[in-house]
$ cat run30.txt   # compact mmCIF, C-alpha atoms
# COMPACT_ATOMS: atom_id res chain seq x y z
CA MET A 96 -12.05 42.63 60.88
CA THR A 97 -8.31 42.73 61.41
CA SER A 98 -6.74 41.47 64.60
CA TYR A 99 -9.71 39.18 65.46
CA ASP A 100 -8.36 36.56 63.10
CA LEU A 101 -4.84 36.20 64.45
CA SER A 102 -5.45 33.31 66.80
CA ALA A 103 -8.00 30.61 67.45
CA SER A 104 -8.44 31.84 71.01
CA THR A 105 -10.16 35.07 69.86
CA PHE A 106 -13.81 35.62 68.95
CA SER A 107 -14.76 38.39 66.52
CA PRO A 108 -17.43 40.92 67.58
CA ASP A 109 -20.00 39.08 65.47
CA GLY A 110 -19.26 35.80 67.23
CA ARG A 111 -17.03 34.01 64.72
CA VAL A 112 -13.70 32.29 65.19
CA PHE A 113 -11.88 33.26 62.02
CA GLN A 114 -9.02 30.80 62.31
CA VAL A 115 -11.50 27.91 62.16
CA GLU A 116 -13.19 29.45 59.14
CA TYR A 117 -9.83 29.90 57.42
CA ALA A 118 -9.06 26.25 58.14
CA MET A 119 -12.30 25.30 56.37
CA LYS A 120 -11.17 27.40 53.38
CA ALA A 121 -8.03 25.28 53.23
CA VAL A 122 -10.27 22.24 52.79
CA GLU A 123 -12.12 23.97 49.99
CA ASN A 124 -8.87 24.43 48.08
CA SER A 125 -8.37 20.69 47.92
CA SER A 126 -9.87 18.39 45.30
CA THR A 127 -13.17 16.69 45.98
CA ALA A 128 -13.85 13.59 48.06
CA ILE A 129 -17.27 11.99 48.44
CA GLY A 130 -18.73 9.23 50.57
CA ILE A 131 -22.13 7.59 50.12
CA ARG A 132 -23.89 5.09 52.35
CA CYS A 133 -26.17 2.56 50.70
CA LYS A 134 -28.27 -0.41 51.71
CA ASP A 135 -25.38 -2.80 52.35
CA GLY A 136 -22.22 -0.68 52.63
CA VAL A 137 -20.33 2.56 52.11
CA VAL A 138 -18.43 3.71 49.01
CA PHE A 139 -15.74 6.45 48.92
CA GLY A 140 -14.58 8.30 45.81
CA VAL A 141 -11.71 10.79 45.66
CA GLU A 142 -10.68 13.01 42.76
CA LYS A 143 -6.90 12.82 43.21
CA LEU A 144 -5.29 15.57 41.13
CA VAL A 145 -2.01 14.47 39.57
CA LEU A 146 0.34 17.44 39.77
CA SER A 147 3.28 15.82 37.99
CA LYS A 148 3.85 13.02 35.49
CA LEU A 149 6.74 11.91 37.66
CA TYR A 150 4.45 10.66 40.44
CA GLU A 151 4.15 6.90 40.79
CA GLN A 152 0.64 5.73 40.06
CA GLY A 153 -1.35 5.21 43.26
CA SER A 154 0.90 7.41 45.39
CA ASN A 155 -0.33 10.17 47.72
CA LYS A 156 -3.32 8.14 48.79
CA ARG A 157 -6.26 10.10 50.11
CA ILE A 158 -8.18 7.12 51.50
CA PHE A 159 -6.88 5.46 54.68
CA ASN A 160 -7.69 2.33 56.64
CA VAL A 161 -8.37 3.15 60.27
CA ASP A 162 -9.34 -0.33 61.41
CA ARG A 163 -10.31 -3.43 59.54
CA HIS A 164 -13.91 -2.28 59.25
CA VAL A 165 -13.37 1.52 59.02
CA GLY A 166 -12.20 3.67 56.10
CA MET A 167 -11.40 7.37 56.00
CA ALA A 168 -11.41 9.68 52.96
CA VAL A 169 -9.80 13.11 53.40
CA ALA A 170 -9.70 16.58 51.85
CA GLY A 171 -7.49 19.51 52.79
CA LEU A 172 -3.91 19.60 54.04
CA LEU A 173 -2.70 16.05 53.48
CA ALA A 174 -0.07 16.21 56.22
CA ASP A 175 -2.72 17.15 58.79
CA ALA A 176 -4.95 14.36 57.52
CA ARG A 177 -2.21 11.75 57.81
CA SER A 178 -1.47 12.74 61.38
CA LEU A 179 -5.18 12.54 62.24
CA SER A 180 -5.48 9.13 60.62
CA GLU A 181 -2.88 7.94 63.16
CA VAL A 182 -4.98 9.44 65.96
CA ALA A 183 -8.04 7.63 64.66
CA ARG A 184 -6.09 4.36 64.40
CA GLU A 185 -4.92 4.64 67.99
CA GLU A 186 -8.45 5.33 69.22
CA ALA A 187 -9.81 2.31 67.38
CA SER A 188 -6.96 0.13 68.63
CA ASN A 189 -7.31 1.22 72.27
CA PHE A 190 -11.03 0.63 72.14
CA ARG A 191 -10.53 -2.90 70.89
CA SER A 192 -7.89 -3.50 73.57
CA ASN A 193 -10.17 -2.30 76.36
CA TYR A 194 -13.55 -3.59 75.26
CA GLY A 195 -12.82 -6.57 73.04
CA HIS A 196 -14.88 -5.58 69.99
CA ASN A 197 -14.94 -3.30 66.92
CA ILE A 198 -15.24 0.39 67.70
CA PRO A 199 -18.69 1.76 66.77
CA LEU A 200 -18.26 4.44 64.11
CA LYS A 201 -20.32 7.07 65.92
CA TYR A 202 -18.04 6.81 68.93
CA LEU A 203 -14.82 6.85 66.84
CA SER A 204 -15.95 9.88 64.89
CA GLU A 205 -16.90 11.71 68.12
CA ARG A 206 -13.52 10.94 69.69
CA VAL A 207 -11.60 12.20 66.63
CA ALA A 208 -13.87 15.24 66.41
CA MET A 209 -13.13 16.00 70.08
CA TYR A 210 -9.40 15.83 69.30
CA VAL A 211 -9.78 18.16 66.29
CA HIS A 212 -11.88 20.53 68.40
CA ALA A 213 -9.18 20.76 71.06
CA TYR A 214 -6.90 22.40 68.49
CA THR A 215 -9.45 25.18 67.95
CA LEU A 216 -9.24 26.39 71.54
CA TYR A 217 -5.68 27.69 71.94
CA SER A 218 -3.49 30.34 70.36
CA ALA A 219 -0.41 28.15 70.70
CA VAL A 220 -1.59 25.75 68.00
CA ARG A 221 -3.45 26.06 64.71
CA PRO A 222 -6.62 24.17 63.80
CA PHE A 223 -6.32 21.11 61.54
CA GLY A 224 -6.79 22.08 57.90
CA CYS A 225 -8.65 18.99 56.78
CA SER A 226 -12.08 17.40 56.77
CA PHE A 227 -12.65 13.71 56.64
CA ILE A 228 -15.36 11.20 55.97
CA PHE A 229 -15.43 7.99 57.98
CA GLY A 230 -17.28 4.92 56.76
CA SER A 231 -17.78 1.47 58.23
CA TYR A 232 -19.86 -1.66 57.95
CA ASP A 233 -20.87 -3.93 60.77
CA GLN A 234 -23.19 -6.95 60.78
CA ASP A 235 -25.44 -5.55 63.51
CA ASP A 236 -25.34 -1.78 63.01
CA GLY A 237 -25.12 -1.96 59.21
CA PRO A 238 -23.33 0.71 57.15
CA GLN A 239 -22.42 4.01 58.84
CA LEU A 240 -21.06 7.29 57.43
CA TYR A 241 -19.75 10.23 59.50
CA MET A 242 -18.03 13.46 58.54
CA VAL A 243 -15.69 15.55 60.72
CA ASP A 244 -14.70 19.11 59.82
CA PRO A 245 -11.96 21.47 61.17
CA SER A 246 -14.33 23.01 63.71
CA GLY A 247 -14.51 19.65 65.44
CA ILE A 248 -18.13 18.66 64.87
CA SER A 249 -19.20 15.31 63.51
CA PHE A 250 -22.48 14.37 61.86
CA GLY A 251 -23.87 11.16 60.39
CA TYR A 252 -24.85 11.16 56.74
CA TRP A 253 -26.33 9.10 53.94
CA GLY A 254 -24.09 10.99 51.52
CA CYS A 255 -21.60 13.82 51.82
CA ALA A 256 -18.92 15.67 49.89
CA ILE A 257 -15.86 17.74 50.89
CA GLY A 258 -13.38 19.78 48.85
CA LYS A 259 -13.58 22.28 46.03
CA ALA A 260 -16.60 20.90 44.17
CA LYS A 261 -18.59 19.85 47.21
CA GLN A 262 -21.68 21.87 46.27
CA ALA A 263 -21.88 20.36 42.79
CA ALA A 264 -21.17 16.90 44.19
CA LYS A 265 -23.89 17.30 46.84
CA THR A 266 -26.40 18.20 44.13
CA GLU A 267 -25.53 15.03 42.25
CA ILE A 268 -25.61 12.91 45.41
CA GLU A 269 -29.08 14.20 46.27
CA LYS A 270 -30.36 12.82 42.99
CA LEU A 271 -29.50 9.26 44.05
CA GLN A 272 -31.81 6.85 45.87
CA MET A 273 -28.94 5.43 47.89
CA LYS A 274 -31.08 3.69 50.49
CA ASP A 275 -32.23 1.21 47.83
CA MET A 276 -28.90 0.70 46.10
CA THR A 277 -26.25 -1.95 46.64
CA CYS A 278 -22.50 -1.26 46.78
CA ARG A 279 -21.92 -2.64 43.28
CA GLU A 280 -24.45 -0.23 41.77
CA LEU A 281 -23.20 2.64 43.90
CA VAL A 282 -19.54 2.27 42.86
CA LYS A 283 -20.46 3.22 39.30
CA GLU A 284 -22.51 6.22 40.45
CA VAL A 285 -19.69 7.47 42.72
CA ALA A 286 -17.24 7.29 39.81
CA LYS A 287 -19.72 9.15 37.63
CA ILE A 288 -20.12 11.96 40.18
CA ILE A 289 -16.36 12.46 40.47
CA TYR A 290 -16.06 12.64 36.70
CA ILE A 291 -18.96 15.13 36.54
CA VAL A 292 -17.51 17.52 39.13
CA HIS A 293 -13.96 17.33 37.82
CA ASP A 294 -13.00 20.60 36.14
CA GLU A 295 -11.22 19.76 32.85
CA VAL A 296 -10.17 23.35 32.28
CA LYS A 297 -8.60 24.26 35.62
CA ASP A 298 -7.21 20.84 36.64
CA LYS A 299 -5.91 18.54 33.95
CA ALA A 300 -5.04 15.02 34.94
CA PHE A 301 -6.60 13.19 37.85
CA GLU A 302 -6.68 9.69 39.29
CA LEU A 303 -9.90 8.27 40.67
CA GLU A 304 -9.40 6.62 44.05
CA LEU A 305 -12.30 4.31 44.92
CA SER A 306 -12.80 2.26 48.05
CA TRP A 307 -15.65 0.44 49.73
CA VAL A 308 -16.69 -1.46 52.82
CA GLY A 309 -19.83 -3.54 53.14
CA GLU A 310 -21.41 -6.92 52.78
CA VAL A 311 -19.63 -7.28 49.44
CA THR A 312 -16.24 -7.15 51.20
CA ASN A 313 -17.41 -9.06 54.29
CA GLY A 314 -17.06 -5.98 56.48
CA LYS A 315 -13.46 -5.23 55.46
CA HIS A 316 -12.57 -1.76 54.15
CA GLU A 317 -10.45 -2.00 51.00
CA LEU A 318 -9.74 -0.32 47.67
CA VAL A 319 -12.20 -1.37 44.99
CA PRO A 320 -10.65 -4.22 42.93
CA LYS A 321 -9.07 -3.16 39.64
CA ASP A 322 -11.61 -4.76 37.32
CA ILE A 323 -14.60 -3.19 39.10
CA ARG A 324 -12.84 0.19 39.16
CA VAL A 325 -12.10 0.00 35.44
CA GLU A 326 -15.74 -0.86 34.74
CA ALA A 327 -16.94 2.02 36.94
CA GLU A 328 -14.63 4.49 35.19
CA LYS A 329 -15.82 3.29 31.80
CA TYR A 330 -19.43 3.88 32.90
CA ALA A 331 -18.50 7.31 34.27
CA LYS A 332 -16.71 8.36 31.08
CA GLU A 333 -19.69 7.27 28.94
CA LYS A 334 -22.14 9.20 31.07
CA THR A 335 -20.08 12.39 31.10
CA GLU A 336 -19.27 12.33 27.40
CA ASP A 337 -22.99 12.16 26.65
CA GLY A 338 -23.05 15.88 25.97
CA SER A 339 -23.45 16.83 29.64
CA SER A 340 -21.18 19.76 30.45
CA THR A 341 -18.57 19.72 33.19
CA LEU A 342 -18.69 22.53 35.71
CA MET B 10 -24.93 -17.75 87.91
CA CYS B 11 -24.45 -19.22 91.33
CA LEU B 12 -21.97 -19.00 94.14
CA GLN B 13 -21.44 -20.55 97.51
CA GLU B 14 -20.67 -18.01 100.19
CA SER B 15 -17.73 -18.93 102.30
CA LEU B 16 -14.64 -16.85 103.13
CA SER B 17 -11.74 -18.58 104.80
CA ASN B 18 -8.31 -17.47 105.95
CA VAL B 19 -5.94 -20.37 106.50
CA TYR B 20 -7.14 -21.55 109.91
CA TYR B 21 -10.82 -20.77 110.09
CA VAL B 22 -13.81 -19.84 108.01
CA SER B 23 -14.34 -16.14 108.66
CA SER B 24 -17.77 -15.91 107.11
CA LYS B 25 -20.42 -18.21 105.68
CA THR B 26 -22.69 -15.55 104.31
CA ILE B 27 -20.74 -13.10 102.17
CA ASN B 28 -21.85 -12.03 98.72
CA LYS B 29 -19.52 -13.12 95.94
CA LEU B 30 -21.88 -12.18 93.14
CA ILE B 31 -21.16 -8.57 92.20
CA GLN B 32 -23.39 -6.66 89.83
CA VAL B 33 -21.25 -4.64 87.39
CA HIS B 34 -24.14 -3.40 85.28
CA ASP B 35 -27.92 -3.80 84.90
CA ARG B 36 -27.68 -7.15 83.13
CA ILE B 37 -24.08 -8.17 83.88
CA PHE B 38 -22.85 -9.97 87.00
CA CYS B 39 -19.45 -11.18 88.14
CA CYS B 40 -18.60 -14.22 90.29
CA ILE B 41 -15.41 -13.54 92.21
CA ALA B 42 -12.81 -16.06 93.38
CA GLY B 43 -9.30 -15.99 94.81
CA SER B 44 -8.21 -13.19 97.12
CA LEU B 45 -11.49 -11.45 97.89
CA ALA B 46 -9.76 -8.17 98.70
CA ASP B 47 -8.19 -8.14 95.23
CA ALA B 48 -11.42 -9.24 93.60
CA GLN B 49 -13.43 -6.53 95.32
CA ALA B 50 -10.93 -3.85 94.34
CA VAL B 51 -10.90 -4.98 90.72
CA THR B 52 -14.68 -5.21 90.41
CA LYS B 53 -15.07 -1.76 91.93
CA ALA B 54 -12.76 -0.28 89.30
CA ALA B 55 -14.39 -2.33 86.54
CA LYS B 56 -17.89 -1.29 87.60
CA PHE B 57 -16.90 2.36 87.28
CA GLN B 58 -15.25 1.89 83.90
CA ILE B 59 -18.17 -0.10 82.51
CA SER B 60 -20.68 2.45 83.74
CA PHE B 61 -18.72 5.29 82.12
CA HIS B 62 -18.35 3.31 78.89
CA SER B 63 -22.07 2.60 78.80
CA ILE B 64 -22.92 6.29 79.22
CA GLN B 65 -20.48 7.27 76.45
CA MET B 66 -21.90 4.62 74.11
CA GLU B 67 -25.47 5.66 75.00
CA SER B 68 -26.41 1.99 75.21
CA PRO B 69 -26.08 -0.91 77.68
CA PRO B 70 -22.59 -2.47 77.55
CA LEU B 71 -21.86 -5.75 75.79
CA VAL B 72 -21.05 -8.62 78.16
CA LYS B 73 -17.85 -9.06 76.14
CA ALA B 74 -16.90 -5.44 76.80
CA ALA B 75 -17.43 -5.87 80.56
CA ALA B 76 -15.35 -9.06 80.55
CA SER B 77 -12.63 -7.27 78.54
CA VAL B 78 -12.45 -4.47 81.09
CA LEU B 79 -11.90 -7.03 83.86
CA LYS B 80 -9.35 -8.82 81.74
CA GLU B 81 -7.35 -5.65 81.13
CA LEU B 82 -7.24 -4.96 84.87
CA CYS B 83 -6.18 -8.54 85.68
CA TYR B 84 -3.59 -8.78 82.90
CA ASN B 85 -1.97 -5.40 83.43
CA ASN B 86 -1.68 -5.96 87.18
CA LYS B 87 -0.99 -9.66 87.18
CA GLU B 88 2.06 -9.35 89.47
CA GLU B 89 0.05 -7.85 92.31
CA LEU B 90 -3.35 -9.53 91.92
CA GLN B 91 -4.71 -12.95 92.74
CA ALA B 92 -8.30 -12.88 91.56
CA GLY B 93 -10.31 -14.74 88.97
CA PHE B 94 -13.79 -13.98 87.65
CA ILE B 95 -16.72 -15.45 85.85
CA THR B 96 -18.54 -12.69 83.99
CA ALA B 97 -21.99 -13.47 82.69
CA GLY B 98 -25.02 -11.58 81.55
CA TRP B 99 -27.31 -10.62 78.74
CA ASP B 100 -26.89 -8.06 75.95
CA ARG B 101 -28.93 -7.09 72.92
CA LYS B 102 -26.29 -8.17 70.39
CA LYS B 103 -25.51 -11.78 71.39
CA GLY B 104 -28.05 -12.56 74.11
CA PRO B 105 -26.91 -14.56 77.15
CA GLN B 106 -23.14 -15.16 77.40
CA VAL B 107 -20.56 -16.53 79.86
CA TYR B 108 -16.90 -15.45 80.00
CA THR B 109 -14.08 -16.66 82.24
CA VAL B 110 -11.30 -14.28 83.25
CA ALA B 111 -8.53 -16.41 84.74
CA LEU B 112 -5.81 -15.40 87.23
CA GLY B 113 -3.23 -14.08 84.75
CA GLY B 114 -5.79 -12.29 82.62
CA MET B 115 -6.92 -14.92 80.09
CA LEU B 116 -10.35 -14.21 78.64
CA LEU B 117 -12.41 -17.10 77.33
CA SER B 118 -15.98 -17.37 76.14
CA GLN B 119 -17.70 -20.62 77.12
CA PRO B 120 -21.22 -22.08 77.09
CA PHE B 121 -20.83 -22.78 80.81
CA THR B 122 -18.00 -22.67 83.32
CA ILE B 123 -17.15 -23.54 86.92
CA GLY B 124 -14.56 -22.05 89.25
CA GLY B 125 -13.33 -21.76 92.83
CA SER B 126 -11.89 -24.32 95.24
CA GLY B 127 -14.98 -26.56 95.27
CA SER B 128 -15.13 -26.71 91.47
CA THR B 129 -12.48 -29.43 91.30
CA TYR B 130 -15.00 -31.89 92.76
CA ILE B 131 -17.73 -31.25 90.20
CA TYR B 132 -15.98 -31.21 86.82
CA GLY B 133 -17.32 -34.67 86.12
CA TYR B 134 -20.84 -33.77 87.18
CA ALA B 135 -20.88 -30.54 85.17
CA ASP B 136 -19.51 -32.15 82.01
CA ALA B 137 -21.97 -35.05 82.26
CA LYS B 138 -25.10 -33.10 83.14
CA TYR B 139 -24.71 -29.94 81.03
CA LYS B 140 -26.70 -29.76 77.82
CA PRO B 141 -27.15 -26.70 75.58
CA ASP B 142 -30.45 -24.77 75.40
CA MET B 143 -31.73 -25.76 78.83
CA SER B 144 -34.81 -24.00 80.20
CA LYS B 145 -34.55 -21.62 83.16
CA GLU B 146 -35.78 -24.31 85.60
CA GLU B 147 -33.36 -26.93 84.22
CA CYS B 148 -30.52 -24.42 84.53
CA LEU B 149 -31.41 -23.57 88.11
CA GLN B 150 -31.59 -27.27 88.98
CA PHE B 151 -28.23 -27.95 87.30
CA ALA B 152 -26.57 -25.08 89.16
CA THR B 153 -28.11 -25.92 92.53
CA ASN B 154 -27.13 -29.59 92.25
CA ALA B 155 -23.58 -28.68 91.21
CA LEU B 156 -23.20 -26.34 94.16
CA ALA B 157 -24.66 -28.83 96.61
CA LEU B 158 -22.24 -31.53 95.47
CA ALA B 159 -19.24 -29.20 95.67
CA MET B 160 -20.20 -27.87 99.07
CA GLY B 161 -20.68 -31.44 100.26
CA ARG B 162 -17.08 -32.44 99.46
CA ASP B 163 -15.00 -29.24 99.81
CA ASN B 164 -14.13 -28.39 103.41
CA VAL B 165 -13.69 -24.68 102.73
CA SER B 166 -16.95 -24.39 100.80
CA GLY B 167 -20.33 -24.13 102.44
CA GLY B 168 -22.85 -21.80 103.95
CA VAL B 169 -25.39 -20.19 101.66
CA ALA B 170 -25.97 -20.78 97.94
CA HIS B 171 -26.58 -17.56 96.02
CA LEU B 172 -28.07 -17.75 92.53
CA VAL B 173 -28.90 -15.00 90.02
CA VAL B 174 -31.03 -15.44 86.89
CA ILE B 175 -30.36 -12.77 84.23
CA THR B 176 -32.68 -12.32 81.25
CA GLU B 177 -33.66 -9.52 78.89
CA GLU B 178 -36.57 -8.75 81.20
CA GLY B 179 -34.57 -8.42 84.39
CA VAL B 180 -32.60 -10.00 87.19
CA GLU B 181 -33.89 -12.53 89.76
CA HIS B 182 -32.04 -13.46 92.96
CA VAL B 183 -32.43 -16.91 94.54
CA VAL B 184 -30.87 -17.63 97.93
CA ILE B 185 -30.76 -21.16 99.33
CA PRO B 186 -29.42 -21.77 102.84
CA GLY B 187 -27.09 -24.77 103.17
CA ASP B 188 -29.59 -27.02 104.90
CA LYS B 189 -32.20 -26.51 102.18
CA LEU B 190 -29.91 -27.66 99.35
CA PRO B 191 -30.61 -30.99 97.57
CA LYS B 192 -29.08 -33.97 99.40
CA PHE B 193 -26.86 -36.58 97.75
CA HIS B 194 -25.19 -39.81 98.79
CA ASN B 195 -22.01 -38.04 99.99
CA GLU B 196 -23.88 -36.93 103.13
$ encode --input "run30.txt" --output "structure tokens"
Amino acid sequence: MTSYDLSASTFSPDGRVFQVEYAMKAVENSSTAIGIRCKDGVVFGVEKLVLSKLYEQGSNKRIFNVDRHVGMAVAGLLADARSLSEVAREEASNFRSNYGHNIPLKYLSERVAMYVHAYTLYSAVRPFGCSFIFGSYDQDDGPQLYMVDPSGISFGYWGCAIGKAKQAAKTEIEKLQMKDMTCRELVKEVAKIIYIVHDEVKDKAFELELSWVGEVTNGKHELVPKDIRVEAEKYAKEKTEDGSSTL
Amino acid sequence: MCLQESLSNVYYVSSKTINKLIQVHDRIFCCIAGSLADAQAVTKAAKFQISFHSIQMESPPLVKAAASVLKELCYNNKEELQAGFITAGWDRKKGPQVYTVALGGMLLSQPFTIGGSGSTYIYGYADAKYKPDMSKEECLQFATNALALAMGRDNVSGGVAHLVVITEEGVEHVVIPGDKLPKFHNE
């Protein structure tokens, strides 16, 4: 298996592009981010590991605003993610300039995915080492959720998770009846899932980053207000201290 | 949408029967005014861009999107161009809409609008006679009367009146030769 993994422009004999797979491993080393789409909006939750007490609270954000109505939660190499958030912002801005209305999320996610995919074709560059989840809310199309991974594909979801505990998070997400829930109910459940999948032993301190976009915010993507976040964290702590074991 | 078909160059009217209603997509039409060469070039480019956009979006384009494409072309090339447009049509999101794209690239959404050299003579008529939520027949009558009055007073307007009715179901063309238009006291 050596020598087939040195550049993204080489296939292995069994038809894999190793560089892309290695990029996906980089995402799996990062802490978890989840996004869930409900009846009237989308909620993002990120387990932001705090590596040092010297960090200012709220720094190293993992959730970005791409346009007024679009949010983006990331996992993987943060520098790659920041650069891609600029790409996404430019796409959304150019679309609005040319066509006079909000960019539909499916189209934005396909454009960014196409950009990410381009970096998996050449040996002169390396693939992006991050996955991201896009969410938006629009009066006519309703809530939308799309995920893009380092291979450059994008899919629409009702709920998805990226990062180290994505399997455990997916299991928890599948238990939810998100199509019948509102954003306010969902915020508490998202906080609970992040608390459940957080590994107390391996990673000590973490900050919960929560954001939402939906009817509750009038279509604007923003961080969940402090009082609602505090309430959600309280609910999450209660539910996880109820004797249920962390993984 | 309706247009009178007359093309003039300074000293004479070169044609009384040209088409100034360009279809840029299935349910979106453009009235052109100003330098017809410029207007034709711009609508050709816009038609291509809108068609490509519609295929990428996998759905018919919004009227606003079509008007925005024209606006970008007019605004970014304002030094070279002398063309104005009225873009109107139907889309699933907002239903029937009318947009004006002026000479320098201003984009404005309006319930109704008039343009071209003959329009100066019918501002009063249009403002007085327009009412919202007219039926198709009332609209056609309003447009035909407005055109007839303008063509009656403007010396470089005349010829054939070309109307297009755009609905969710489809597009209907109505052509009225000059002598068949309604007659008013200005004759």
$ interface_residues --input "run30.txt" --of "chain B" --to "chain A" --cutoff "8 Å" --atoms "all atoms listed in the file" --output "list in words"
Gln65, Met66, Lys73, Ala74, Ala75, Ala76, Ser77, Val78, Glu81 and Lys102 of chain B
$ closest_residue --input "run30.txt" --among "A:Pro108, A:Gly140, A:Pro245, A:Pro238" --to "Ser306 in chain A" --atoms "only C-alpha atoms"
A:Gly140
$ atom_distance --input "run30.txt" --atom1 "CA of Gly230 in chain A" --atom2 "CA of Met167 in chain A"
6.4 Å
$ closest_residue --input "run30.txt" --among "A:Leu172, A:Leu281, A:Ala263, A:Leu318" --to "Lys120 in chain A" --atoms "only C-alpha atoms"
A:Leu172
$ atom_distance --input "run30.txt" --atom1 "CA of Pro222 in chain A" --atom2 "CA of Met209 in chain A"
12.2 Å
$ residues_around --input "run30.txt" --residues "Ala46 in chain B" --least-positions-apart "4" --cutoff "12 Å" --atoms "only C-alpha atoms" --output "PyMOL selection string"
chain B and resi 16+18+29+41-42+50-53+89-93
$ closest_residue --input "run30.txt" --among "B:Gln119, B:Asn86, B:Gln49, B:Asn28" --to "Ala170 in chain B" --atoms "all atoms listed in the file"
B:Asn28
$ closest_residue --input "run30.txt" --among "A:Glu269, A:Glu280, A:Asp275, A:Glu142" --to "Ser126 in chain A" --atoms "all atoms listed in the file"
A:Glu142
$ residues_near_point --input "run30.txt" --point "(-25.3, 3.4, 75.2)" --cutoff "12 Å" --atoms "all atoms listed in the file" --output "MDAnalysis selection string"
(chainID A and resid 199 201:202) or (chainID B and resid 59:71 100:101)
$ atom_distance --input "run30.txt" --atom1 "CA of Tyr134 in chain B" --atom2 "CA of Ser166 in chain B"
17.0 Å
$ closest_residue --input "run30.txt" --among "A:Arg163, A:Lys283, A:Arg221, A:Lys148" --to "Gln114 in chain A" --atoms "all atoms listed in the file"
A:Arg221
$ residues_around --input "run30.txt" --residues "Lys156 in chain A" --least-positions-apart "3" --cutoff "12 Å" --atoms "all atoms listed in the file" --output "VMD selection string"
chain A and resid 128 140 to 145 150 to 153 159 to 160 167 to 170 173 to 174 176 to 177 302 to 306 318
$ residues_around --input "run30.txt" --residues "Gly113 in chain B" --least-positions-apart "4" --cutoff "8 Å" --atoms "all atoms listed in the file" --output "JSON, numbers by chain"
{"B": [83, 84, 87]}
$ residues_near_point --input "run30.txt" --point "(-3.5, 31.9, 71.1)" --cutoff "10 Å" --atoms "all atoms listed in the file" --output "short mmCIF file (atom, residue, chain, number, x, y, z; two decimals) with C-alpha atoms, in the frame of the given file"
data_model
loop_
_atom_site.label_atom_id
_atom_site.label_comp_id
_atom_site.auth_asym_id
_atom_site.auth_seq_id
_atom_site.Cartn_x
_atom_site.Cartn_y
_atom_site.Cartn_z
CA LEU A 101 -4.84 36.20 64.45
CA SER A 102 -5.45 33.31 66.80
CA ALA A 103 -8.00 30.61 67.45
CA SER A 104 -8.44 31.84 71.01
CA THR A 105 -10.16 35.07 69.86
CA THR A 215 -9.45 25.18 67.95
CA LEU A 216 -9.24 26.39 71.54
CA TYR A 217 -5.68 27.69 71.94
CA SER A 218 -3.49 30.34 70.36
CA ALA A 219 -0.41 28.15 70.70
CA VAL A 220 -1.59 25.75 68.00
CA ARG A 221 -3.45 26.06 64.71
#
$ closest_residue --input "run30.txt" --among "B:Cys40, B:Leu30, B:Val72, B:Met143" --to "Ser118 in chain B" --atoms "all atoms listed in the file"
B:Val72
$ residues_around --input "run30.txt" --residues "range 182-184 of chain B" --least-positions-apart "5" --cutoff "8 Å" --atoms "only C-alpha atoms" --output "PyMOL selection string"
chain B and resi 169-174
$ write_last_selection --input "run30.txt" --atoms "C-alpha atoms" --output "CSV table (one decimal), in the coordinates of the input"
chain,number,residue,atom,x,y,z
B,169,VAL,CA,-25.4,-20.2,101.7
B,170,ALA,CA,-26.0,-20.8,97.9
B,171,HIS,CA,-26.6,-17.6,96.0
B,172,LEU,CA,-28.1,-17.8,92.5
B,173,VAL,CA,-28.9,-15.0,90.0
B,174,VAL,CA,-31.0,-15.4,86.9
$ residues_around --input "run30.txt" --residues "Phe250 in chain A" --least-positions-apart "6" --cutoff "12 Å" --atoms "only C-alpha atoms" --output "ChimeraX atom specification"
/A:200-205,208,226-230,239-244
$ decode --input "run30.txt" --residues "range 93-101 of chain B" --atoms "N, CA and C atoms" --output "PDB file, in the first residue's frame"
ATOM      1  N   GLY B  93     -32.724  50.393 -22.164  1.00  0.00           N
ATOM      2  CA  GLY B  93     -33.523  50.209 -20.957  1.00  0.00           C
ATOM      3  C   GLY B  93     -34.489  49.065 -21.180  1.00  0.00           C
ATOM      4  N   PHE B  94     -34.946  48.427 -20.103  1.00  0.00           N
ATOM      5  CA  PHE B  94     -35.801  47.256 -20.233  1.00  0.00           C
ATOM      6  C   PHE B  94     -36.950  47.290 -19.256  1.00  0.00           C
ATOM      7  N   ILE B  95     -38.016  46.614 -19.662  1.00  0.00           N
ATOM      8  CA  ILE B  95     -39.074  46.280 -18.711  1.00  0.00           C
ATOM      9  C   ILE B  95     -39.124  44.763 -18.699  1.00  0.00           C
ATOM     10  N   THR B  96     -38.813  44.172 -17.548  1.00  0.00           N
ATOM     11  CA  THR B  96     -38.829  42.712 -17.447  1.00  0.00           C
ATOM     12  C   THR B  96     -40.079  42.317 -16.697  1.00  0.00           C
ATOM     13  N   ALA B  97     -40.843  41.397 -17.267  1.00  0.00           N
ATOM     14  CA  ALA B  97     -42.054  40.975 -16.570  1.00  0.00           C
ATOM     15  C   ALA B  97     -42.292  39.501 -16.834  1.00  0.00           C
ATOM     16  N   GLY B  98     -42.998  38.876 -15.904  1.00  0.00           N
ATOM     17  CA  GLY B  98     -43.273  37.458 -16.092  1.00  0.00           C
ATOM     18  C   GLY B  98     -43.932  36.863 -14.874  1.00  0.00           C
ATOM     19  N   TRP B  99     -43.934  35.545 -14.851  1.00  0.00           N
ATOM     20  CA  TRP B  99     -44.556  34.820 -13.755  1.00  0.00           C
ATOM     21  C   TRP B  99     -43.565  33.837 -13.186  1.00  0.00           C
ATOM     22  N   ASP B 100     -43.492  33.715 -11.829  1.00  0.00           N
ATOM     23  CA  ASP B 100     -42.743  32.613 -11.233  1.00  0.00           C
ATOM     24  C   ASP B 100     -43.514  32.029 -10.063  1.00  0.00           C
ATOM     25  N   ARG B 101     -43.108  30.848  -9.660  1.00  0.00           N
ATOM     26  CA  ARG B 101     -43.845  30.083  -8.653  1.00  0.00           C
ATOM     27  C   ARG B 101     -43.825  30.782  -7.297  1.00  0.00           C
TER      28      ARG B 101
END
